[in-house]
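Structure, as structure tokens:
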Amino acid sequence: MELPAVNLKMIILVHWLLTTWGCLMFGGAYAWANFTILALGVWAVAQRDSIDAISMFLGGLAATILLDIIHIGIFYPRDSLTDTGRFGAGMAILSLLLKPFSCCLVYHMYRERGGELLHAGFLGPSQEHSAYQTIDSPEAPADFYSGLEGKGHTPQGC
């Protein structure tokens, strides 16, 4: 089954809106966890070729599923609830229900960027593929000052 082509900006916008409304009922840790992950999503939008940005957003989105379940389970009021509180709780629950689908879409984007979920160094060093040449080279750097003494330059401080 082919996943629909959804823009990453739309995923972030929907979760930002639902999280903002969810903060009407749940604040504190709920807001910090969700808005931090949305900031990682903005990073993934800004760096379209970055595997690290999209993988951190995907991992954070998956982690907030568990965190939201715990947070809603602990802080959902059992007695009286105002209309605003009911609306905020409903939006937080709707955001939680949409997150697994969003994870599937973000995982698809992660694979499009060249990421692999199961490889030897998944939790190790970055697998970032960049168009820039690395500054690491197998040869030792040349001593800049080695040839200056023979060209009439005297060392300073002697």
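By order in the structure tokens, chains are A, B, ...; within a chain, residues start at 1; ligands start at 1, following the order shown.
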Which residues come within 6 Å of segment 80-92 of chain A, counting only C-alpha atoms, excluding same-chain residues fewer than 2 positions away, as a short mmCIF file (atom, residue, chain, number, x, y, z; two decimals) with N, CA, C and O atoms, in the first residue's frame?
data_model
loop_
_atom_site.label_atom_id
_atom_site.label_comp_id
_atom_site.auth_asym_id
_atom_site.auth_seq_id
_atom_site.Cartn_x
_atom_site.Cartn_y
_atom_site.Cartn_z
N LEU A 18 -2.77 20.85 17.43
CA LEU A 18 -3.37 19.95 18.43
C LEU A 18 -2.65 20.04 19.78
O LEU A 18 -3.29 19.97 20.83
N TRP A 21 -3.75 23.28 21.54
CA TRP A 21 -5.06 23.08 22.15
C TRP A 21 -4.99 22.11 23.32
O TRP A 21 -5.72 22.25 24.30
N GLY A 22 -4.13 21.10 23.21
CA GLY A 22 -3.96 20.15 24.32
C GLY A 22 -3.38 20.81 25.56
O GLY A 22 -3.64 20.38 26.69
N LEU A 24 -4.31 23.51 26.73
CA LEU A 24 -5.39 24.11 27.51
C LEU A 24 -5.70 23.25 28.73
O LEU A 24 -6.12 23.76 29.77
N MET A 25 -5.50 21.95 28.60
CA MET A 25 -5.78 21.02 29.68
C MET A 25 -4.50 20.55 30.37
O MET A 25 -4.43 20.50 31.60
N LEU A 94 -6.59 13.30 20.49
CA LEU A 94 -6.57 13.23 19.03
C LEU A 94 -5.14 13.30 18.49
O LEU A 94 -4.77 12.56 17.58
N SER A 95 -4.32 14.16 19.09
CA SER A 95 -2.91 14.24 18.70
C SER A 95 -2.21 12.91 18.95
O SER A 95 -1.43 12.44 18.12
#
What lies within 12 Å of Leu67 of chain A using only C-alpha atoms, ignoring chain neighbours under 6 positions off, as a ChimeraX atom specification? /A:29-34,37,60-61,73-75,92,96,99
Selected residues written out with C-alpha atoms, as a PDB file, in the first residue's frame:
ATOM      1  CA  ALA A  29       5.852  18.340  30.855  1.00  0.00           C
ATOM      2  CA  TYR A  30       3.272  17.672  28.133  1.00  0.00           C
ATOM      3  CA  ALA A  31       4.005  21.023  26.501  1.00  0.00           C
ATOM      4  CA  TRP A  32       7.788  20.720  26.860  1.00  0.00           C
ATOM      5  CA  ALA A  33       7.941  17.223  25.365  1.00  0.00           C
ATOM      6  CA  ASN A  34       5.694  17.963  22.407  1.00  0.00           C
ATOM      7  CA  ILE A  37       9.840  17.404  19.248  1.00  0.00           C
ATOM      8  CA  GLY A  60      11.119  11.884  19.299  1.00  0.00           C
ATOM      9  CA  LEU A  61       7.683  11.509  17.776  1.00  0.00           C
ATOM     10  CA  GLY A  73      -3.254   8.789  32.123  1.00  0.00           C
ATOM     11  CA  ILE A  74      -1.842  10.485  35.196  1.00  0.00           C
ATOM     12  CA  PHE A  75      -3.192  14.027  34.858  1.00  0.00           C
ATOM     13  CA  ALA A  92      -4.437  15.957  23.236  1.00  0.00           C
ATOM     14  CA  LEU A  96      -1.941  10.994  20.425  1.00  0.00           C
ATOM     15  CA  LYS A  99       1.018  10.172  16.070  1.00  0.00           C
TER      16      LYS A  99
END
Residues within 12 Å of Phe101 of chain A, please, as a short mmCIF file (atom, residue, chain, number, x, y, z; two decimals) with all heavy atoms, in the first residue's frame. Count only C-alpha atoms; anything in the same chain fewer than 5 positions from it doesn't count.
data_model
loop_
_atom_site.label_atom_id
_atom_site.label_comp_id
_atom_site.auth_asym_id
_atom_site.auth_seq_id
_atom_site.Cartn_x
_atom_site.Cartn_y
_atom_site.Cartn_z
N LEU A 3 1.83 5.03 0.66
CA LEU A 3 1.45 6.10 1.58
C LEU A 3 1.20 7.38 0.80
O LEU A 3 1.85 7.65 -0.21
CB LEU A 3 2.57 6.35 2.59
CG LEU A 3 2.79 5.24 3.61
CD1 LEU A 3 4.01 5.55 4.46
CD2 LEU A 3 1.57 5.09 4.50
N PRO A 4 0.26 8.19 1.25
CA PRO A 4 0.00 9.44 0.53
C PRO A 4 1.18 10.40 0.69
O PRO A 4 1.89 10.37 1.70
CB PRO A 4 -1.25 9.99 1.22
CG PRO A 4 -1.28 9.34 2.55
CD PRO A 4 -0.63 8.00 2.39
N VAL A 6 2.51 13.43 1.80
CA VAL A 6 2.15 14.48 2.75
C VAL A 6 3.40 15.28 3.04
O VAL A 6 4.47 14.73 3.26
CB VAL A 6 1.58 13.89 4.06
CG1 VAL A 6 1.28 14.98 5.06
CG2 VAL A 6 0.33 13.08 3.77
N ILE A 11 2.42 17.96 8.63
CA ILE A 11 2.45 17.11 9.83
C ILE A 11 2.78 17.97 11.05
O ILE A 11 2.13 17.87 12.10
CB ILE A 11 3.47 15.97 9.66
CG1 ILE A 11 3.01 15.02 8.55
CG2 ILE A 11 3.67 15.21 10.96
CD1 ILE A 11 4.04 13.98 8.17
N HIS A 15 0.21 18.82 14.25
CA HIS A 15 0.58 18.47 15.63
C HIS A 15 0.82 19.71 16.49
O HIS A 15 0.54 19.68 17.68
CB HIS A 15 1.80 17.54 15.64
CG HIS A 15 1.44 16.13 15.30
ND1 HIS A 15 0.74 15.32 16.16
CD2 HIS A 15 1.66 15.40 14.19
CE1 HIS A 15 0.55 14.14 15.60
NE2 HIS A 15 1.09 14.16 14.39
N LEU A 58 11.73 11.58 14.04
CA LEU A 58 11.00 10.32 14.06
C LEU A 58 11.12 9.65 15.43
O LEU A 58 10.11 9.20 16.00
CB LEU A 58 11.53 9.39 12.96
CG LEU A 58 10.95 7.98 12.90
CD1 LEU A 58 9.45 8.03 12.65
CD2 LEU A 58 11.64 7.17 11.82
N LEU A 61 9.12 11.68 17.98
CA LEU A 61 7.68 11.51 17.78
C LEU A 61 7.22 10.17 18.35
O LEU A 61 6.17 10.09 19.00
CB LEU A 61 7.36 11.61 16.28
CG LEU A 61 5.97 11.98 15.85
CD1 LEU A 61 5.57 13.33 16.42
CD2 LEU A 61 5.88 12.01 14.33
N ALA A 62 8.03 9.13 18.14
CA ALA A 62 7.69 7.82 18.70
C ALA A 62 7.76 7.84 20.23
O ALA A 62 6.93 7.24 20.91
CB ALA A 62 8.63 6.76 18.14
N ILE A 65 4.70 9.36 21.96
CA ILE A 65 3.51 8.51 22.04
C ILE A 65 3.42 7.92 23.45
O ILE A 65 2.38 8.02 24.12
CB ILE A 65 3.54 7.39 20.97
CG1 ILE A 65 3.42 7.99 19.58
CG2 ILE A 65 2.44 6.36 21.23
CD1 ILE A 65 3.61 6.98 18.46
N LEU A 94 -6.59 13.30 20.49
CA LEU A 94 -6.57 13.23 19.03
C LEU A 94 -5.14 13.30 18.49
O LEU A 94 -4.77 12.56 17.58
CB LEU A 94 -7.42 14.35 18.42
CG LEU A 94 -7.51 14.38 16.90
CD1 LEU A 94 -8.12 13.09 16.37
CD2 LEU A 94 -8.30 15.59 16.44
N SER A 95 -4.32 14.16 19.09
CA SER A 95 -2.91 14.24 18.70
C SER A 95 -2.21 12.91 18.95
O SER A 95 -1.43 12.44 18.12
CB SER A 95 -2.21 15.36 19.47
OG SER A 95 -0.84 15.39 19.18
N LEU A 96 -2.52 12.30 20.10
CA LEU A 96 -1.94 10.99 20.42
C LEU A 96 -2.37 9.92 19.43
O LEU A 96 -1.57 9.09 19.02
CB LEU A 96 -2.35 10.60 21.85
CG LEU A 96 -1.93 9.22 22.33
CD1 LEU A 96 -0.42 9.08 22.33
CD2 LEU A 96 -2.49 8.97 23.72
N VAL A 106 6.54 9.95 8.47
CA VAL A 106 7.90 10.47 8.69
C VAL A 106 8.93 9.38 8.41
O VAL A 106 10.00 9.66 7.87
CB VAL A 106 8.03 11.06 10.11
CG1 VAL A 106 9.47 11.43 10.42
CG2 VAL A 106 7.14 12.27 10.26
N TYR A 107 8.62 8.12 8.75
CA TYR A 107 9.53 7.03 8.44
C TYR A 107 9.70 6.89 6.93
O TYR A 107 10.81 6.63 6.44
CB TYR A 107 9.04 5.71 9.05
CG TYR A 107 9.92 4.54 8.69
CD1 TYR A 107 11.19 4.43 9.25
CD2 TYR A 107 9.49 3.58 7.79
CE1 TYR A 107 12.01 3.37 8.91
CE2 TYR A 107 10.31 2.52 7.45
CZ TYR A 107 11.56 2.42 8.01
OH TYR A 107 12.38 1.37 7.67
N HIS A 108 8.63 7.07 6.20
CA HIS A 108 8.71 7.02 4.74
C HIS A 108 9.63 8.13 4.22
O HIS A 108 10.43 7.91 3.32
CB HIS A 108 7.30 7.13 4.15
CG HIS A 108 7.24 7.03 2.68
ND1 HIS A 108 7.53 5.86 2.00
CD2 HIS A 108 6.94 7.94 1.72
CE1 HIS A 108 7.41 6.07 0.70
NE2 HIS A 108 7.05 7.33 0.51
#
Hey, can you check how far atom CA of Val45 of chain A sits from atom CA of Tyr110 of chain A? 11.9 Å
Name all residues at most 9 Å from Phe57 of chain A (count only C-alpha atoms; drop same-chain ones fewer than 6 positions away) and give them as an MDAnalysis selection string. chainID A and resid 37:44 106
Keeping only N, CA, C and O atoms, write those residues as an mmCIF file, in the first residue's frame.
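Result saved to part_21.cif:
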data_model
loop_
_atom_site.group_PDB
_atom_site.id
_atom_site.type_symbol
_atom_site.label_atom_id
_atom_site.label_comp_id
_atom_site.auth_asym_id
_atom_site.auth_seq_id
_atom_site.Cartn_x
_atom_site.Cartn_y
_atom_site.Cartn_z
ATOM 1 N N ILE A 37 9.838 18.294 20.412
ATOM 2 C CA ILE A 37 9.840 17.404 19.248
ATOM 3 C C ILE A 37 9.414 18.167 18.002
ATOM 4 O O ILE A 37 9.946 17.949 16.910
ATOM 5 N N LEU A 38 8.484 19.089 18.138
ATOM 6 C CA LEU A 38 8.092 19.901 16.989
ATOM 7 C C LEU A 38 9.239 20.797 16.528
ATOM 8 O O LEU A 38 9.378 21.070 15.332
ATOM 9 N N ALA A 39 10.079 21.242 17.453
ATOM 10 C CA ALA A 39 11.270 22.007 17.069
ATOM 11 C C ALA A 39 12.232 21.137 16.252
ATOM 12 O O ALA A 39 12.849 21.602 15.291
ATOM 13 N N LEU A 40 12.349 19.861 16.617
ATOM 14 C CA LEU A 40 13.150 18.941 15.799
ATOM 15 C C LEU A 40 12.540 18.772 14.411
ATOM 16 O O LEU A 40 13.256 18.611 13.418
ATOM 17 N N GLY A 41 11.226 18.815 14.340
ATOM 18 C CA GLY A 41 10.562 18.751 13.039
ATOM 19 C C GLY A 41 10.858 19.966 12.189
ATOM 20 O O GLY A 41 11.046 19.859 10.978
ATOM 21 N N VAL A 42 10.917 21.134 12.813
ATOM 22 C CA VAL A 42 11.278 22.347 12.071
ATOM 23 C C VAL A 42 12.709 22.232 11.555
ATOM 24 O O VAL A 42 13.011 22.634 10.434
ATOM 25 N N TRP A 43 13.592 21.642 12.357
ATOM 26 C CA TRP A 43 14.967 21.392 11.912
ATOM 27 C C TRP A 43 14.979 20.456 10.704
ATOM 28 O O TRP A 43 15.725 20.654 9.750
ATOM 29 N N ALA A 44 14.128 19.430 10.735
ATOM 30 C CA ALA A 44 14.058 18.498 9.609
ATOM 31 C C ALA A 44 13.524 19.177 8.350
ATOM 32 O O ALA A 44 13.901 18.818 7.238
ATOM 33 N N VAL A 106 6.541 9.950 8.474
ATOM 34 C CA VAL A 106 7.895 10.472 8.687
ATOM 35 C C VAL A 106 8.926 9.381 8.407
ATOM 36 O O VAL A 106 10.002 9.660 7.870
#
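Take atom CA of Ile51 of chain A and atom CA of Leu98 of chain A: the distance between them is 23.0 Å.
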Nearest residue to Arg111 of chain A out of A:His71, A:Pro77, A:Ile54, A:Ala63, using only C-alpha atoms? A:Ile54
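When only C-alpha atoms are used to measure the gap to Met56 of chain A, the shortest distance among A:Cys104, A:Ile69, A:Cys23, A:Thr36 belongs to A:Thr36.
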